[in-house]
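**Student:** My structure is stored as model23.cif, with mmCIF, C-alpha atoms (C1' of nucleotides).
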```cif
data_target
#
loop_
_atom_site.label_atom_id
_atom_site.label_comp_id
_atom_site.auth_asym_id
_atom_site.auth_seq_id
_atom_site.Cartn_x
_atom_site.Cartn_y
_atom_site.Cartn_z
CA MET A 6 33.23 -27.83 2.80
CA GLY A 7 30.77 -28.87 5.43
CA GLU A 8 31.49 -26.10 7.87
CA THR A 9 31.06 -22.43 7.12
CA SER A 10 33.37 -20.25 9.20
CA LYS A 11 31.63 -17.94 11.63
CA PRO A 12 30.84 -14.58 10.12
CA LEU A 13 32.73 -11.53 11.22
CA GLY A 14 31.37 -8.76 13.42
CA ARG A 15 28.49 -8.49 15.81
CA PRO A 16 25.97 -11.26 15.23
CA ARG A 17 22.38 -10.56 14.35
CA SER A 18 20.15 -10.06 17.38
CA GLU A 19 17.51 -12.74 17.68
CA ASP A 20 15.62 -10.52 20.12
CA ALA A 21 15.33 -7.76 17.56
CA ARG A 22 14.22 -10.24 14.90
CA LEU A 23 11.43 -11.65 17.03
CA ALA A 24 10.35 -8.21 18.22
CA VAL A 25 9.85 -7.11 14.61
CA LEU A 26 7.96 -10.27 13.70
CA HIS A 27 5.62 -9.97 16.64
CA ALA A 28 5.06 -6.28 16.13
CA ALA A 29 4.08 -6.91 12.51
CA ASP A 30 1.72 -9.70 13.45
CA ASP A 31 0.06 -7.64 16.17
CA MET A 32 -0.35 -4.61 13.96
CA LEU A 33 -1.93 -6.65 11.19
CA VAL A 34 -4.50 -8.08 13.56
CA GLU A 35 -5.19 -4.89 15.48
CA GLN A 36 -5.07 -2.26 12.77
CA GLY A 37 -5.14 -4.00 9.41
CA TYR A 38 -2.70 -4.26 6.56
CA ALA A 39 -3.09 -0.70 5.29
CA ALA A 40 -2.19 0.78 8.68
CA MET A 41 0.97 -1.32 8.87
CA THR A 42 4.06 0.72 8.02
CA MET A 43 7.75 -0.01 8.22
CA LYS A 44 8.12 3.00 10.47
CA GLY A 45 5.31 1.88 12.76
CA ILE A 46 6.69 -1.65 13.01
CA ALA A 47 10.13 -0.36 13.97
CA GLU A 48 8.70 1.92 16.63
CA ARG A 49 6.41 -0.72 18.06
CA ALA A 50 9.24 -3.26 18.15
CA LYS A 51 11.52 -0.66 19.75
CA VAL A 52 14.06 -1.28 17.09
CA GLY A 53 16.02 1.08 14.86
CA ARG A 54 14.52 1.75 11.46
CA GLN A 55 17.70 0.68 9.72
CA THR A 56 17.56 -2.65 11.52
CA VAL A 57 14.22 -3.38 9.88
CA TYR A 58 15.35 -2.30 6.43
CA ARG A 59 18.56 -4.28 6.79
CA TRP A 60 16.76 -7.61 7.03
CA TRP A 61 13.49 -7.07 5.22
CA SER A 62 12.69 -4.88 2.26
CA SER A 63 8.92 -4.63 2.66
CA LYS A 64 6.12 -5.30 5.10
CA ALA A 65 5.11 -8.23 2.91
CA GLU A 66 8.45 -9.92 3.57
CA ILE A 67 8.07 -9.42 7.29
CA LEU A 68 4.57 -10.79 7.23
CA LEU A 69 5.62 -13.83 5.25
CA GLU A 70 8.31 -14.71 7.76
CA ALA A 71 5.96 -14.00 10.63
CA SER A 72 3.22 -16.29 9.39
CA ALA A 73 4.77 -19.06 7.32
CA ALA A 74 5.62 -21.29 10.26
CA ASP A 75 2.19 -20.87 11.84
CA ALA A 76 0.48 -21.62 8.56
CA VAL A 77 2.27 -24.91 8.09
CA ARG A 78 1.49 -25.93 11.64
CA GLU A 79 -2.20 -25.13 11.37
CA LEU A 80 -2.60 -27.00 8.10
CA THR A 81 -0.67 -30.13 9.00
CA LEU A 82 -3.08 -32.73 10.32
CA PRO A 83 -2.80 -36.34 11.51
CA PRO A 84 -4.18 -38.88 9.01
CA GLY A 85 -7.94 -39.41 9.27
CA ALA A 86 -9.86 -42.69 9.46
CA ASP A 87 -10.70 -42.82 5.75
CA PRO A 88 -10.03 -40.60 2.72
CA GLU A 89 -13.31 -38.73 3.03
CA ALA A 90 -12.78 -37.93 6.70
CA ASP A 91 -9.20 -36.96 5.95
CA ILE A 92 -10.04 -34.57 3.12
CA SER A 93 -12.97 -33.19 5.02
CA ALA A 94 -10.82 -32.45 8.05
CA PHE A 95 -8.29 -30.71 5.85
CA LEU A 96 -10.93 -28.49 4.26
CA SER A 97 -12.24 -27.67 7.68
CA ALA A 98 -8.78 -26.71 8.89
CA LEU A 99 -8.22 -24.67 5.74
CA SER A 100 -11.48 -22.85 6.24
CA THR A 101 -10.67 -22.00 9.83
CA PHE A 102 -7.19 -20.95 8.76
CA LEU A 103 -8.48 -18.60 6.08
CA THR A 104 -11.33 -17.05 8.00
CA ARG A 105 -10.21 -17.04 11.61
CA SER A 106 -6.49 -17.50 12.15
CA ASP A 107 -3.96 -14.69 12.33
CA ALA A 108 -1.66 -16.54 9.98
CA GLY A 109 -4.55 -16.94 7.57
CA LEU A 110 -5.21 -13.21 7.70
CA ALA A 111 -1.57 -12.69 6.79
CA TYR A 112 -1.80 -15.25 3.98
CA ARG A 113 -4.78 -13.48 2.45
CA ALA A 114 -3.05 -10.12 2.79
CA LEU A 115 0.00 -11.52 1.03
CA LEU A 116 -1.95 -13.24 -1.74
CA GLY A 117 -3.75 -9.96 -2.21
CA GLU A 118 -0.58 -7.94 -2.41
CA ALA A 119 0.84 -10.46 -4.87
CA GLN A 120 -1.82 -9.43 -7.38
CA HIS A 121 -0.26 -6.03 -7.85
CA ASP A 122 3.30 -6.44 -6.64
CA GLY A 123 5.64 -8.67 -8.59
CA LYS A 124 8.09 -9.13 -5.74
CA VAL A 125 5.39 -10.34 -3.38
CA ALA A 126 4.12 -12.63 -6.12
CA GLU A 127 7.49 -14.36 -6.21
CA LEU A 128 7.58 -14.65 -2.44
CA VAL A 129 4.15 -16.28 -2.42
CA ARG A 130 5.02 -18.55 -5.32
CA GLY A 131 8.18 -19.60 -3.53
CA GLY A 132 6.78 -20.41 -0.11
CA ASP A 133 3.76 -22.25 -1.44
CA VAL A 134 2.26 -22.92 2.00
CA LEU A 135 -1.19 -24.02 0.95
CA GLY A 136 0.10 -26.23 -1.82
CA GLU A 137 2.52 -28.10 0.40
CA ALA A 138 -0.15 -28.92 2.94
CA ALA A 139 -2.70 -29.88 0.30
CA ARG A 140 -0.29 -32.22 -1.49
CA VAL A 141 0.25 -34.23 1.66
CA VAL A 142 -3.46 -34.83 2.08
CA ILE A 143 -3.98 -35.58 -1.58
CA ARG A 144 -1.22 -38.15 -1.62
CA ARG A 145 -2.67 -39.80 1.44
CA ALA A 146 -6.11 -40.03 -0.17
CA GLY A 147 -4.65 -41.26 -3.43
CA ALA A 148 -2.39 -43.92 -1.91
CA ALA A 149 -4.76 -46.58 -3.17
CA GLY A 150 -3.99 -45.52 -6.72
CA ALA A 151 -6.55 -42.93 -7.64
CA PHE A 152 -5.53 -39.68 -9.32
CA GLU A 153 -3.05 -41.43 -11.56
CA GLY A 154 -1.40 -39.39 -14.24
CA GLU A 155 -2.75 -36.08 -13.00
CA ARG A 156 -0.61 -33.06 -12.41
CA ASP A 157 -0.12 -32.24 -8.74
CA ASP A 158 -0.88 -28.57 -9.23
CA ALA A 159 -4.15 -29.36 -10.95
CA LEU A 160 -5.26 -31.56 -8.08
CA VAL A 161 -4.31 -28.98 -5.49
CA ALA A 162 -6.33 -26.37 -7.36
CA GLU A 163 -9.31 -28.71 -7.61
CA LEU A 164 -9.22 -29.32 -3.89
CA VAL A 165 -8.61 -25.87 -2.47
CA GLY A 166 -9.66 -23.62 -5.36
CA PRO A 167 -13.41 -23.53 -4.76
CA LEU A 168 -13.03 -22.93 -1.04
CA VAL A 169 -10.33 -20.31 -1.41
CA PHE A 170 -12.25 -18.53 -4.15
CA ARG A 171 -15.36 -18.24 -2.04
CA VAL A 172 -13.48 -16.94 0.96
CA LEU A 173 -11.46 -14.45 -1.06
CA SER A 174 -14.32 -13.08 -3.08
CA GLY A 175 -17.02 -12.95 -0.48
CA GLY A 176 -15.59 -13.44 2.95
CA TRP A 177 -17.77 -16.54 3.01
CA ASP A 178 -17.72 -18.73 6.10
CA PRO A 179 -18.70 -22.27 5.13
CA THR A 180 -20.64 -24.76 7.27
CA GLU A 181 -19.39 -28.25 8.11
CA GLY A 182 -22.04 -29.69 5.81
CA GLU A 183 -20.83 -27.69 2.83
CA LEU A 184 -17.25 -28.70 3.55
CA SER A 185 -17.95 -32.40 3.62
CA ALA A 186 -19.97 -32.04 0.42
CA MET A 187 -16.90 -30.48 -1.16
CA ALA A 188 -14.74 -33.33 0.11
CA ARG A 189 -17.06 -35.96 -1.36
CA ARG A 190 -17.19 -34.17 -4.68
CA PHE A 191 -13.41 -34.03 -4.81
CA LEU A 192 -13.06 -37.75 -4.20
CA ARG A 193 -15.64 -38.74 -6.85
CA ARG A 194 -13.78 -37.65 -9.89
CA MET B 23 -42.68 9.06 -7.45
CA GLY B 24 -41.25 7.75 -10.72
CA GLU B 25 -39.59 10.97 -11.77
CA THR B 26 -36.82 12.71 -9.83
CA SER B 27 -36.65 16.45 -10.55
CA LYS B 28 -33.44 17.64 -12.09
CA PRO B 29 -30.79 18.40 -9.50
CA LEU B 30 -29.81 21.96 -8.83
CA GLY B 31 -26.54 23.56 -9.78
CA ARG B 32 -23.88 22.78 -12.31
CA PRO B 33 -24.22 19.22 -13.57
CA ARG B 34 -21.41 16.75 -13.22
CA SER B 35 -19.00 16.81 -16.11
CA GLU B 36 -19.04 13.58 -18.08
CA ASP B 37 -15.76 14.60 -19.69
CA ALA B 38 -14.07 14.83 -16.30
CA ARG B 39 -15.52 11.47 -15.25
CA LEU B 40 -14.23 9.68 -18.32
CA ALA B 41 -10.86 11.40 -18.14
CA VAL B 42 -10.37 10.09 -14.61
CA LEU B 43 -11.46 6.57 -15.53
CA HIS B 44 -9.15 6.42 -18.53
CA ALA B 45 -6.24 7.90 -16.61
CA ALA B 46 -6.66 5.26 -13.91
CA ASP B 47 -6.84 2.45 -16.43
CA ASP B 48 -3.78 3.66 -18.30
CA MET B 49 -1.73 4.13 -15.16
CA LEU B 50 -2.56 0.66 -13.92
CA VAL B 51 -1.37 -0.90 -17.16
CA GLU B 52 1.67 1.30 -17.63
CA GLN B 53 2.97 1.66 -14.10
CA GLY B 54 1.19 -0.87 -11.90
CA TYR B 55 -1.14 -0.56 -8.98
CA ALA B 56 1.40 0.61 -6.44
CA ALA B 57 2.44 3.58 -8.58
CA MET B 58 -1.18 4.68 -8.99
CA THR B 59 -2.03 7.59 -6.70
CA MET B 60 -5.06 9.82 -6.43
CA LYS B 61 -2.78 12.76 -7.06
CA GLY B 62 -1.25 11.17 -10.14
CA ILE B 63 -4.63 10.26 -11.56
CA ALA B 64 -5.91 13.81 -11.12
CA GLU B 65 -2.86 15.27 -12.79
CA ARG B 66 -2.91 12.84 -15.67
CA ALA B 67 -6.62 13.40 -16.22
CA LYS B 68 -6.07 17.17 -16.04
CA VAL B 69 -8.69 17.43 -13.39
CA GLY B 70 -8.75 19.12 -10.01
CA ARG B 71 -7.84 16.95 -7.06
CA GLN B 72 -11.07 17.75 -5.29
CA THR B 73 -13.02 16.62 -8.33
CA VAL B 74 -11.56 13.17 -7.92
CA TYR B 75 -12.18 13.01 -4.18
CA ARG B 76 -15.72 14.30 -4.65
CA TRP B 77 -16.79 11.26 -6.66
CA TRP B 78 -14.51 8.47 -5.55
CA SER B 79 -12.90 7.87 -2.20
CA SER B 80 -10.07 5.55 -3.25
CA LYS B 81 -8.19 4.31 -6.26
CA ALA B 82 -9.95 0.99 -5.82
CA GLU B 83 -13.32 2.63 -6.39
CA ILE B 84 -12.08 4.31 -9.53
CA LEU B 85 -10.65 1.08 -10.81
CA LEU B 86 -13.86 -0.79 -10.14
CA GLU B 87 -15.90 1.69 -12.15
CA ALA B 88 -13.25 1.73 -14.88
CA SER B 89 -13.19 -2.02 -15.34
CA ALA B 90 -16.60 -3.40 -14.41
CA ALA B 91 -18.17 -2.72 -17.80
CA ASP B 92 -15.22 -4.19 -19.70
CA ALA B 93 -15.22 -7.27 -17.52
CA VAL B 94 -18.85 -8.06 -18.22
CA ARG B 95 -18.31 -7.60 -21.94
CA GLU B 96 -15.26 -9.85 -22.06
CA LEU B 97 -16.94 -12.62 -20.12
CA THR B 98 -20.27 -12.63 -21.94
CA LEU B 99 -20.16 -15.19 -24.71
CA PRO B 100 -22.64 -16.49 -27.30
CA PRO B 101 -23.97 -19.98 -26.48
CA GLY B 102 -21.73 -22.82 -27.67
CA ALA B 103 -22.65 -25.91 -29.66
CA ASP B 104 -22.90 -28.21 -26.63
CA PRO B 105 -22.41 -27.83 -22.86
CA GLU B 106 -18.79 -28.94 -22.96
CA ALA B 107 -17.86 -26.50 -25.71
CA ASP B 108 -19.79 -23.77 -23.92
CA ILE B 109 -18.10 -24.28 -20.56
CA SER B 110 -14.74 -24.72 -22.19
CA ALA B 111 -15.11 -21.46 -24.10
CA PHE B 112 -16.07 -19.68 -20.91
CA LEU B 113 -13.03 -20.97 -19.05
CA SER B 114 -10.86 -19.92 -21.94
CA ALA B 115 -12.33 -16.43 -21.89
CA LEU B 116 -11.91 -16.30 -18.13
CA SER B 117 -8.29 -17.33 -18.40
CA THR B 118 -7.56 -14.69 -21.02
CA PHE B 119 -9.42 -12.15 -18.95
CA LEU B 120 -7.41 -12.91 -15.82
CA THR B 121 -3.99 -13.18 -17.38
CA ARG B 122 -4.05 -10.79 -20.32
CA SER B 123 -6.83 -8.22 -20.27
CA ASP B 124 -6.58 -4.79 -18.70
CA ALA B 125 -9.90 -5.26 -16.97
CA GLY B 126 -8.65 -8.57 -15.60
CA LEU B 127 -5.56 -6.90 -14.23
CA ALA B 128 -7.87 -4.45 -12.48
CA TYR B 129 -10.05 -7.28 -11.21
CA ARG B 130 -7.08 -9.06 -9.66
CA ALA B 131 -5.84 -5.82 -8.15
CA LEU B 132 -9.26 -5.24 -6.61
CA LEU B 133 -9.69 -8.78 -5.35
CA GLY B 134 -6.25 -8.40 -3.82
CA GLU B 135 -7.08 -5.11 -2.16
CA ALA B 136 -10.29 -6.62 -0.82
CA GLN B 137 -8.21 -9.01 1.30
CA HIS B 138 -7.00 -6.21 3.49
CA ASP B 139 -9.50 -3.43 2.98
CA GLY B 140 -13.05 -3.88 4.18
CA LYS B 141 -14.47 -1.16 1.97
CA VAL B 142 -13.02 -2.71 -1.16
CA ALA B 143 -14.27 -6.08 -0.02
CA GLU B 144 -17.82 -4.76 -0.01
CA LEU B 145 -17.38 -3.23 -3.43
CA VAL B 146 -16.14 -6.52 -4.84
CA ARG B 147 -18.88 -8.48 -3.11
CA GLY B 148 -21.45 -6.07 -4.52
CA GLY B 149 -20.38 -5.97 -8.16
CA ASP B 150 -19.85 -9.71 -8.42
CA VAL B 151 -18.62 -9.60 -12.03
CA LEU B 152 -17.22 -13.09 -12.27
CA GLY B 153 -20.19 -14.65 -10.55
CA GLU B 154 -22.73 -13.04 -12.85
CA ALA B 155 -20.97 -14.25 -15.96
CA ALA B 156 -20.42 -17.74 -14.57
CA ARG B 157 -24.07 -18.14 -13.56
CA VAL B 158 -25.23 -17.51 -17.12
CA VAL B 159 -23.01 -20.26 -18.48
CA ILE B 160 -23.91 -22.67 -15.70
CA ARG B 161 -27.61 -22.17 -16.26
CA ARG B 162 -27.15 -22.78 -19.96
CA ALA B 163 -25.30 -26.02 -19.32
CA GLY B 164 -27.80 -27.12 -16.71
CA ALA B 165 -30.90 -26.35 -18.73
CA ALA B 166 -31.40 -30.07 -19.30
CA GLY B 167 -31.86 -30.50 -15.55
CA ALA B 168 -28.46 -31.24 -14.13
CA PHE B 169 -27.22 -29.42 -11.05
CA GLU B 170 -30.59 -29.65 -9.36
CA GLY B 171 -30.83 -28.51 -5.81
CA GLU B 172 -27.35 -27.09 -5.68
CA ARG B 173 -26.62 -23.61 -4.46
CA ASP B 174 -25.62 -21.23 -7.21
CA ASP B 175 -22.63 -19.93 -5.29
CA ALA B 176 -21.29 -23.40 -4.77
CA LEU B 177 -21.50 -24.16 -8.47
CA VAL B 178 -19.82 -20.92 -9.42
CA ALA B 179 -16.99 -21.67 -7.02
CA GLU B 180 -16.62 -25.20 -8.43
CA LEU B 181 -16.39 -23.84 -11.94
CA VAL B 182 -14.10 -20.85 -11.54
CA GLY B 183 -12.37 -21.59 -8.23
CA PRO B 184 -9.63 -23.90 -9.45
CA LEU B 185 -8.72 -21.65 -12.36
CA VAL B 186 -8.82 -18.45 -10.36
CA PHE B 187 -6.79 -20.01 -7.56
CA ARG B 188 -4.04 -21.08 -9.89
CA VAL B 189 -3.82 -17.71 -11.57
CA LEU B 190 -3.87 -15.79 -8.32
CA SER B 191 -1.35 -17.92 -6.52
CA GLY B 192 1.13 -18.57 -9.25
CA GLY B 193 0.48 -16.35 -12.20
CA TRP B 194 -0.19 -19.58 -14.05
CA ASP B 195 -1.15 -19.42 -17.72
CA PRO B 196 -3.14 -22.54 -18.62
CA THR B 197 -3.14 -24.34 -21.97
CA GLU B 198 -6.27 -25.08 -23.99
CA GLY B 199 -5.92 -28.75 -23.11
CA GLU B 200 -5.94 -28.08 -19.39
CA LEU B 201 -8.95 -25.83 -19.77
CA SER B 202 -11.06 -28.38 -21.60
CA ALA B 203 -10.05 -30.99 -19.04
CA MET B 204 -11.38 -28.66 -16.36
CA ALA B 205 -14.61 -28.19 -18.30
CA ARG B 206 -15.15 -31.94 -18.64
CA ARG B 207 -14.46 -32.49 -14.97
CA PHE B 208 -16.99 -29.83 -14.04
CA LEU B 209 -19.72 -31.40 -16.16
CA ARG B 210 -19.17 -34.93 -14.79
CA ARG B 211 -20.23 -34.38 -11.26
"C1'" DT C 24 -30.51 37.52 -11.75
"C1'" DT C 25 -29.92 34.81 -7.84
"C1'" DT C 26 -28.91 30.29 -6.02
"C1'" DT C 27 -26.65 26.13 -6.10
"C1'" DT C 28 -23.31 23.00 -7.47
"C1'" DT C 29 -19.27 21.71 -10.11
"C1'" DC C 30 -15.01 22.92 -12.13
"C1'" DG C 31 -9.45 23.44 -12.26
"C1'" DA C 32 -5.81 24.96 -9.53
"C1'" DG C 33 -3.46 25.06 -5.71
"C1'" DT C 34 -2.08 25.42 -0.36
"C1'" DC C 35 -1.42 23.00 3.82
"C1'" DA C 36 -0.30 19.87 7.88
"C1'" DA C 37 0.35 15.16 8.86
"C1'" DA C 38 2.41 10.99 7.88
"C1'" DG C 39 5.37 7.40 5.48
"C1'" DT C 40 9.55 6.34 2.54
"C1'" DG C 41 14.16 4.86 2.23
"C1'" DT C 42 18.90 6.62 2.93
"C1'" DC C 43 22.25 8.43 5.78
"C1'" DT C 44 24.77 9.72 10.18
"C1'" DT C 45 26.20 9.20 14.95
"C1'" DG C 46 27.76 6.92 18.72
"C1'" DT C 47 27.82 2.36 20.96
"C1'" DA C 48 28.04 -2.80 21.53
"C1'" DA C 49 29.38 -7.50 20.25
"C1'" DT C 50 32.22 -10.68 18.01
"C1'" DT C 51 36.29 -12.56 15.33
"C1'" DC C 52 41.07 -12.14 13.73
"C1'" DT C 53 45.99 -10.93 14.51
"C1'" DA D 3 45.15 -6.50 24.04
"C1'" DG D 4 44.01 -4.15 19.98
"C1'" DA D 5 42.21 -3.74 15.26
"C1'" DA D 6 38.72 -4.80 12.08
"C1'" DT D 7 34.12 -5.76 11.17
"C1'" DT D 8 29.33 -5.86 11.65
"C1'" DA D 9 24.85 -4.94 14.16
"C1'" DC D 10 22.45 -2.05 17.21
"C1'" DA D 11 19.00 2.25 18.63
"C1'" DA D 12 17.96 6.81 17.63
"C1'" DG D 13 16.90 10.09 14.71
"C1'" DA D 14 17.92 13.70 10.80
"C1'" DC D 15 17.00 14.24 6.00
"C1'" DA D 16 14.63 15.22 1.43
"C1'" DC D 17 10.98 13.53 -0.94
"C1'" DT D 18 6.23 11.98 -1.77
"C1'" DT D 19 1.20 11.07 -0.91
"C1'" DT D 20 -2.85 12.10 1.62
"C1'" DG D 21 -7.18 14.34 2.23
"C1'" DA D 22 -9.22 18.63 3.85
"C1'" DC D 23 -9.36 23.16 2.61
"C1'" DT D 24 -9.58 27.83 -0.19
"C1'" DC D 25 -10.10 30.50 -4.33
"C1'" DG D 26 -12.39 32.49 -8.34
"C1'" DA D 27 -14.78 30.94 -12.48
"C1'" DA D 28 -18.45 28.32 -14.99
"C1'" DA D 29 -22.91 25.99 -15.74
"C1'" DA D 30 -27.46 25.04 -14.86
"C1'" DA D 31 -32.21 25.60 -12.38
"C1'" DA D 32 -35.38 28.77 -9.95
#
```
How would this structure read if it were set down as C-alpha cells?
**Tutor:**
Amino acid sequence: MGETSKPLGRPRSEDARLAVLHAADDMLVEQGYAAMTMKGIAERAKVGRQTVYRWWSSKAEILLEASAADAVRELTLPPGADPEADISAFLSALSTFLTRSDAGLAYRALLGEAQHDGKVAELVRGGDVLGEAARVVIRRAGAAGAFEGERDDALVAELVGPLVFRVLSGGWDPTEGELSAMARRFLRR
Amino acid sequence: MGETSKPLGRPRSEDARLAVLHAADDMLVEQGYAAMTMKGIAERAKVGRQTVYRWWSSKAEILLEASAADAVRELTLPPGADPEADISAFLSALSTFLTRSDAGLAYRALLGEAQHDGKVAELVRGGDVLGEAARVVIRRAGAAGAFEGERDDALVAELVGPLVFRVLSGGWDPTEGELSAMARRFLRR
DNA sequence: TTTTTTCGAGTCAAAGTGTCTTGTAATTCT
DNA sequence: AGAATTACAAGACACTTTGACTCGAAAAAA
C-alpha cells in the first residue's frame, strides 16, 4: 500500500499554484485584505478564474497556504543561552512577526476573519502556527521540570496571550524592555 | 459657549436610529457577519438606504454603536468579597461575554475586522470596552497597593490576554476551574 | 411661510461572486 | 498511436452589493 499510483490526466501546474500564492501575498501587502478578491488574484496571477476556484474556495484559504510556511520559519529560533533569554527572544520574534512581517499581516487577517467565518475558524484552529512555535520554546524552558501538570494550551495562552491581545486590540508596538519584562513574568509563576 | 443652539431643519429620527441598530444586531446573530449588508440592514429596518449611509459609513460602525452599551453593562460587576473572587467573577463574565453574548459576538467581529481595516481599528482603539471594564477590576484588586508602578495597559493585557487569545484562536470555552486558576495566577505576580 | 434638514423609496453604474462553456495542453492507460 | 482523463487560460453569465444620486414628502427653526 505504500505507493499511490499516479493520478490520471494533466498534472496540476506548480507555476500556476505559486503565481496565485504570490499574487495573494502581494495584494494583501499592497492593497489590504478588503481589496483582495478572487477575481483580482486570478487576473494578477494571469491564471484562469476556474483554476483558482478549483484549488481554493476562499481568499482566506489562499492566504493561509501563502503564509503558513513563512510563519513557521520566522517563529522557529535556535535555543538561547538561558530560559529567560530564550523566552525573551521568542517574544521579540513574535512581536516582529505580528507587527512587521508579511506573514504576520496574513495571520492577523486570518485570525480576524475567523471571528466571523466558521470555515476560516477551522482552518486557523487546524494550522495552529503560533501554538506550535510557542510549545517548542515552552518545553525548552521547562526542561528542568517547571510547569509540571499544566495544560499545554494554558501555558501557550499565558505566554503569547498578553502580547497578541495588545497587538490585536491596539496595534501596539512593544519595546525590548517591555518584552523582557513579560518573559520574566512568565518564568516566575 | 456652554450651550449649542438647536440645529436647523428636521431633527434626526430616533426611531430610525434604533431600528437600524436592532436590525444590525438581529442579523448578526441570525445570519452571521458575512451575510450582513448595508442594503439588508436598511431593508430590515424599513429605512431608506441613504438614511443608513448618512449616519454610519460601514456595518462595523453600526455594530459598534449597537453593542458598546451592552458590552459595558455585561462587564460591569459589583465588587466581590475578596480580590480573588472579584477577579475570578470578572473573568467568568468576560468568558460568557466572549463566547455567548450577542454583544460579545459583535465585539469579536469588530476586533476581527480591525485586523484588516484601519478605520475599524481606530474605532476599536477608541471605544476600548474591554480595557475600561478590566481597569476597574484591577484597581479594585490593587487598592491595597499591589501592582505599583506598572502600566495600566500591561496589566489589562496580563489579565485578559490569555483568555481572549484562547477564545479568539480556538473558540475555546473555559471551565470555572480554569478561570479561577487564571485569577489566582494573575494575583500572584 | 420660508428655509433647512431628514425621511422612505428607488435608480444607477461599477465591481465581485461562483458557475459554466470553449478550445487547448499534458499525462496515463490500452 | 489513439482514447480517456484532467488541468489550463479566457471569458460569458446571472446574480448581488456598493455607494452616489434623485425624487417628493415631512418636520422643525427662523
**Student:** Output as a list in words the set of chain A residues within 6 Å of chain B, with distances taken over only C-alpha atoms.
**Tutor:**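 Filtering chain A at 6 Å from chain B with only C-alpha atoms gives Tyr38, Arg113, Ala114, Gly117, Glu118, Gln120, His121, Arg130, Ala162, Glu163, Gly166, Pro167, Phe170 and Gly175 of chain A.
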**Student:** With the PyMOL selection byres ((chain B) within 7 of (chain D)) as the selection, what would be picked from this file? Answer as a ChimeraX atom specification, please.
**Tutor:** /B:30-33
**Student:** Those selected residues, please, written with C-alpha atoms and delivered as a short mmCIF file (atom, residue, chain, number, x, y, z; two decimals), keeping the file's coordinate frame.
**Tutor:**
```
data_model
loop_
_atom_site.label_atom_id
_atom_site.label_comp_id
_atom_site.auth_asym_id
_atom_site.auth_seq_id
_atom_site.Cartn_x
_atom_site.Cartn_y
_atom_site.Cartn_z
CA LEU B 30 -29.81 21.96 -8.83
CA GLY B 31 -26.54 23.56 -9.78
CA ARG B 32 -23.88 22.78 -12.31
CA PRO B 33 -24.22 19.22 -13.57
#
```
**Student:** To one decimal place, how far is atom CA of A:Ser72 from atom CA of A:Ala108 in Å?
**Tutor:**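 Separating atom CA of A:Ser72 from atom CA of A:Ala108 is a distance of 4.9 Å.
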**Student:** Specify as a PyMOL selection string each residue included when the PyMOL selection byres ((chain C) within 12 of (chain A)) is applied to this file.
**Tutor:** chain C and resi 38-44+48-52
**Student:** If I take atom CA of A:Phe95 and atom CA of A:Leu69, how far is one from the other in Å, to one decimal?
**Tutor:**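 Atom-to-atom, atom CA of A:Phe95 and atom CA of A:Leu69 are spaced 21.9 Å apart.
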**Student:** Atom CA of A:Leu68 and atom CA of A:Ala47, how far apart in Å?
**Tutor:**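 These atoms are spaced 13.6 Å apart.
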**Student:** Could you expand the PyMOL selection byres ((chain B and resi 41) around 12) into the explicit residues it covers here, written as a compact mmCIF listing (two decimals) with C-alpha atoms, keeping the file's coordinate frame?
**Tutor:**
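Written out: part_10.txt:
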```
# COMPACT_ATOMS: atom_id res chain seq x y z
CA SER B 35 -19.00 16.81 -16.11
CA GLU B 36 -19.04 13.58 -18.08
CA ASP B 37 -15.76 14.60 -19.69
CA ALA B 38 -14.07 14.83 -16.30
CA ARG B 39 -15.52 11.47 -15.25
CA LEU B 40 -14.23 9.68 -18.32
CA VAL B 42 -10.37 10.09 -14.61
CA LEU B 43 -11.46 6.57 -15.53
CA HIS B 44 -9.15 6.42 -18.53
CA ALA B 45 -6.24 7.90 -16.61
CA ALA B 46 -6.66 5.26 -13.91
CA ASP B 47 -6.84 2.45 -16.43
CA ASP B 48 -3.78 3.66 -18.30
CA ILE B 63 -4.63 10.26 -11.56
CA ALA B 64 -5.91 13.81 -11.12
CA GLU B 65 -2.86 15.27 -12.79
CA ARG B 66 -2.91 12.84 -15.67
CA ALA B 67 -6.62 13.40 -16.22
CA LYS B 68 -6.07 17.17 -16.04
CA VAL B 69 -8.69 17.43 -13.39
CA GLY B 70 -8.75 19.12 -10.01
CA THR B 73 -13.02 16.62 -8.33
CA VAL B 74 -11.56 13.17 -7.92
CA ILE B 84 -12.08 4.31 -9.53
CA ALA B 88 -13.25 1.73 -14.88
```
**Student:** Could you put an axis-aligned box around every listed atom of stretch 12-25 of chain A, padded by 6 Å on each side, and send me its centre and edge lengths in Å to one decimal, as JSON?
**Tutor:**
```
{"center_x": 21.3, "center_y": -10.8, "center_z": 15.1, "size_x": 34.9, "size_y": 19.5, "size_z": 22.0}
```
**Student:** Residues near A:Ala146, anyone? I mean within 12 Å using only C-alpha atoms (C1' of nucleotides), not counting same-chain ones fewer than 5 positions away, as a PyMOL selection string.
**Tutor:** chain A and resi 84-93+95+139-141+151-153+160+164+188-189+191-193
**Student:** For each of A:Leu184, A:Met41, A:Met32, A:Ala65, take the minimum atom-to-atom distance to A:Leu96, counting only C-alpha atoms, then give the residue where this is smallest.
**Tutor:**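 Closest to A:Leu96, using only C-alpha atoms: A:Leu184.
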